[in-house]
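Visitor: Would you mind keeping the following structure in view while I ask a few things?
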Amino acid sequence: MRESQGIKKLKEKFSKDILDYSISFGDETLLIKKERIFKIAKFLKETPELEYSLLLDITCVDYLGQEPRFELIYHVYSFRLNHRLRIKVKISEETPVIESLTPLWKNANWLEREVFDMFGIKFKNHPDLRRILMYEEFEGYPLRKDYPLKKRQPRIPGIE
Amino acid sequence: MVNKLKKKSKRESLLLNMGPSHPAMHGTIRIMLELDGERVLNSEVEIGYLHRGFEKICENKTYFQILPYTDRLNYVSPLINNTGYVLTVEKMLGMEIPERAQYIRTIMCEISRICDHLTCLAAMAMETGAFTVFLYMIKAREFLWDIVEQTTGARMTTSYIRIGGVRSDFSENYKELINKAVNETRKVLKDCHGLLTKNKIFLNRTKGVAIVSKEDAISYGFTGPCLRASGIYYDVRKAHPYLIYDQIDFEIPLGENGDNYDRYYVRMLEMEQSLRIIEQSIEKMPRGVIEIENIKEILEPYQAIKFARNKKPTQKIKLSPNLEGTEKEKYPYILTKDKRYIIPPKEDTYTTITGLISHFKFFMKNHGIRPPKGEVYFSVEGANGELGFYIVSDGTDKPYRLHLRAPCFHIMSALEKMIQRGYVADIIPTFGSINMIGGELDR
């Protein structure tokens, strides 16, 4: 498989910020610097020949024991190129903060809330960062690998 | 949660709580409304009442065990969920599936899609006052569910599409059954078109309500019928064809305005296309096993096991009735050749040592399906949008991480915007038109 148009353009413009490029099961994957996520996403979305205008998904993987521990995964899709691109960002456990993409995509609001809810990653400039699937009193982040599968928490703190 | 709306609401406006258990809500979600008379000024949507930790559970189950959990995501069209998950795993394993199995999958997916659309529109019609349409559509759905029931043994929690193929072949009279259901559904659709599509009351209730512009639809990550109702041509079946969709002739209906009416109409037209796909697939489907050898002598399983201690039995072995369609002769047509990824036929398990060993190997810890290391994203066109699975494999028999891209999660995030400035009475039809499914939304 050869490099797609989008990757070529990105490599020209952001050659320093792209840490790794790979193809995993037919999907092109870019590993980029954490600080540049907003710039690169904006470039992908707003460059007329690319137009990666649909944010398909944001999710996170917890690689417990590795450093940096978390990996955020963005999937974007371009109607014009009919191409799907995966962008990955590594985030350390000490400073789990990354810039929010809410100014670019409206569905990033809920997607980022879900990542915050499940993994405890904070999004800078997010308008309304709070839990979405779990309740507010819930302690811990359930999809982290160190959260036990069968741990129980009372719905209201203090009442078993 | 509600505090936020309370803080910013005006003093003279009325705060009204809708849900989580409201008779007209399809599923448990809560909408907090700030009202000025009948107008909705602001609202706040709270989800998560059906959160079961699907993704966490999947991290602790083997690839084979996850399958039943996928049924419970979108419980109106479980076969599409099965297909989505299974295709993702198959993409990792690089597996080839017999052509007949692919056709069976396609037919079952399209049947599910019609069922889903029927349910959605039936509820939406009922909410706008058309109770007859509701009954008609549920009647058509019954015919389709009869096929699902006969083929899979269950109506909703099917677990029918398996890694490597499908669980069992169609029954012998599938052609008549499907043709009958297709004809009945056509009739019902025609009736419903007559009752609703140009009905003044229905038009007044739905035209121009909850308009989503093209830009908004993309920005909110809409996919499926809701995106197409806004006039954007995107369907995973056309954009990234899977199964046999590239060999079949069908169209993608588009809407214009992105209002409730368009979401209704796009779904109506899509069902027609699904019926076309089913009809073509039946015609094109390669034949399965032509005739199973008619051996008079039949052994009960326990007799076969006893007999096989000395010699391989030549008689036919009686299978339990719920294994119908999974006879050994049918295996090459419905399941992959690669024996590592499928359960061996029961005839082999009962009578041969290799069959017995591979049966145990399949279910044994750390021996079952083990995809290579890596990560994969694969999506299928679910009934209400792009249903994507993202799986990270670490080479063991359990996924390291499994993430579901639920189509209605994105659509639900736009609900606040959609109902803003509208009437209270329009909330429920709008909510119906986006077809939220709790199981998939909250995972």
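Chains: A, B, ... in order of the structure tokens. Residues: from 1 per chain. Ligands: from 1, in order shown.
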Which residues in segment 205-396 of chain B does DSSP call strand (DSSP E)? List them as a list in words.
Guide: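 So the strand (DSSP E) residues in segment 205-396 of chain B would be Ile298, Leu299, Lys316, Ile317, Gly374, Glu375, Val376, Tyr377, Phe378, Ser379, Val380, Glu381, Gly382, Gly385, Glu386, Leu387, Gly388, Phe389, Tyr390, Ile391, Val392 and Ser393 of chain B.
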Visitor: What does the distance between atom CA of Thr132 of chain B and atom CA of Leu195 of chain B come to in Å, to one decimal place?
Guide: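 Computing the Euclidean distance for atom CA of Thr132 of chain B and atom CA of Leu195 of chain B yields 8.7 Å.
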Visitor: Taking only C-alpha atoms into account, what are the residues of chain A at most 8 Å from chain B, put as a list in words?
Guide: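 Per the criterion, chain A yields Ser24, Phe25, Asp27, Ser53, Leu54, Leu55, Leu56, Asp57, Thr59, Val61, Phe79, Asn82, Leu104, Trp105, Lys106, Asn107, Ala108, Trp110, Ile132, Leu133, Met134, Glu136, Pro142, Leu143 and Leu149 of chain A.
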Visitor: Those selected residues, please, written with N, CA and C atoms and delivered as a tab-separated table (two decimals), in the first residue's frame.
Guide:
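Final output, again.tsv:
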```tsv
chain	number	residue	atom	x	y	z
A	24	SER	N	-1.45	-0.44	9.68
A	24	SER	CA	-1.86	-1.58	10.48
A	24	SER	C	-3.17	-2.11	9.93
A	25	PHE	N	-3.15	-3.30	9.39
A	25	PHE	CA	-4.34	-3.93	8.80
A	25	PHE	C	-5.07	-3.01	7.82
A	27	ASP	N	-5.05	0.25	7.58
A	27	ASP	CA	-5.35	1.62	7.96
A	27	ASP	C	-4.06	2.37	8.21
A	53	SER	N	-13.29	15.89	7.12
A	53	SER	CA	-14.28	16.69	7.85
A	53	SER	C	-15.09	15.90	8.86
A	54	LEU	N	-15.00	14.59	8.83
A	54	LEU	CA	-15.80	13.79	9.77
A	54	LEU	C	-14.90	13.20	10.84
A	55	LEU	N	-15.17	13.56	12.06
A	55	LEU	CA	-14.45	12.94	13.17
A	55	LEU	C	-15.20	11.67	13.55
A	56	LEU	N	-14.61	10.55	13.21
A	56	LEU	CA	-15.33	9.30	13.44
A	56	LEU	C	-15.32	8.92	14.91
A	57	ASP	N	-14.19	9.07	15.54
A	57	ASP	CA	-14.09	8.48	16.87
A	57	ASP	C	-12.89	9.04	17.63
A	59	THR	N	-10.83	7.64	21.06
A	59	THR	CA	-10.80	6.69	22.15
A	59	THR	C	-9.38	6.63	22.71
A	61	VAL	N	-6.33	4.07	24.83
A	61	VAL	CA	-5.88	2.76	25.27
A	61	VAL	C	-4.90	2.96	26.42
A	79	PHE	N	-14.58	12.73	3.12
A	79	PHE	CA	-15.55	12.36	2.07
A	79	PHE	C	-14.92	12.52	0.70
A	82	ASN	N	-12.39	9.73	0.25
A	82	ASN	CA	-12.90	8.44	0.74
A	82	ASN	C	-11.79	7.70	1.48
A	104	LEU	N	-13.23	22.42	16.66
A	104	LEU	CA	-13.26	21.93	15.28
A	104	LEU	C	-14.48	21.06	15.01
A	105	TRP	N	-14.75	20.17	15.91
A	105	TRP	CA	-15.86	19.24	15.71
A	105	TRP	C	-16.79	19.28	16.92
A	106	LYS	N	-18.08	19.28	16.66
A	106	LYS	CA	-19.01	19.37	17.78
A	106	LYS	C	-19.14	18.06	18.52
A	107	ASN	N	-18.98	16.94	17.80
A	107	ASN	CA	-19.14	15.66	18.51
A	107	ASN	C	-17.93	15.37	19.39
A	108	ALA	N	-16.85	16.13	19.22
A	108	ALA	CA	-15.69	15.94	20.10
A	108	ALA	C	-16.08	16.20	21.55
A	110	TRP	N	-18.79	15.27	23.37
A	110	TRP	CA	-19.19	14.05	24.09
A	110	TRP	C	-18.09	12.99	24.05
A	132	ILE	N	-19.82	11.33	31.75
A	132	ILE	CA	-20.98	11.22	30.87
A	132	ILE	C	-21.72	9.89	31.08
A	133	LEU	N	-21.00	8.79	31.12
A	133	LEU	CA	-21.69	7.50	31.28
A	133	LEU	C	-21.82	7.12	32.75
A	134	MET	N	-20.81	7.43	33.54
A	134	MET	CA	-20.88	7.13	34.97
A	134	MET	C	-21.50	8.32	35.69
A	136	GLU	N	-21.70	11.18	38.83
A	136	GLU	CA	-20.68	12.12	39.26
A	136	GLU	C	-19.90	11.65	40.49
A	142	PRO	N	-12.98	3.69	35.20
A	142	PRO	CA	-13.23	2.25	35.06
A	142	PRO	C	-12.48	1.55	33.94
A	143	LEU	N	-12.13	2.23	32.89
A	143	LEU	CA	-11.47	1.49	31.80
A	143	LEU	C	-9.94	1.48	31.93
A	149	LEU	N	-11.94	-5.48	37.73
A	149	LEU	CA	-13.16	-5.79	36.98
A	149	LEU	C	-14.38	-5.87	37.89
```
Visitor: Determine the nearest neighbour of Gln273 of chain B from the options B:Phe250, B:Phe134, B:Tyr69, B:Tyr85, counting only C-alpha atoms.
Guide: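 Smallest distance to Gln273 of chain B is found for B:Phe250.
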Visitor: In segment 131-273 of chain B, what's alpha helix (DSSP H) per DSSP? Answer as a ChimeraX atom specification?
Guide: /B:131-152,174-192,200-206,214-219,225-229,236-239,260-273
Visitor: To one decimal place in Å, what is the distance between atom CA of Cys408 of chain B and atom CA of Leu30 of chain A?
Guide: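 Going from atom CA of Cys408 of chain B over to atom CA of Leu30 of chain A, I get 27.2 Å.
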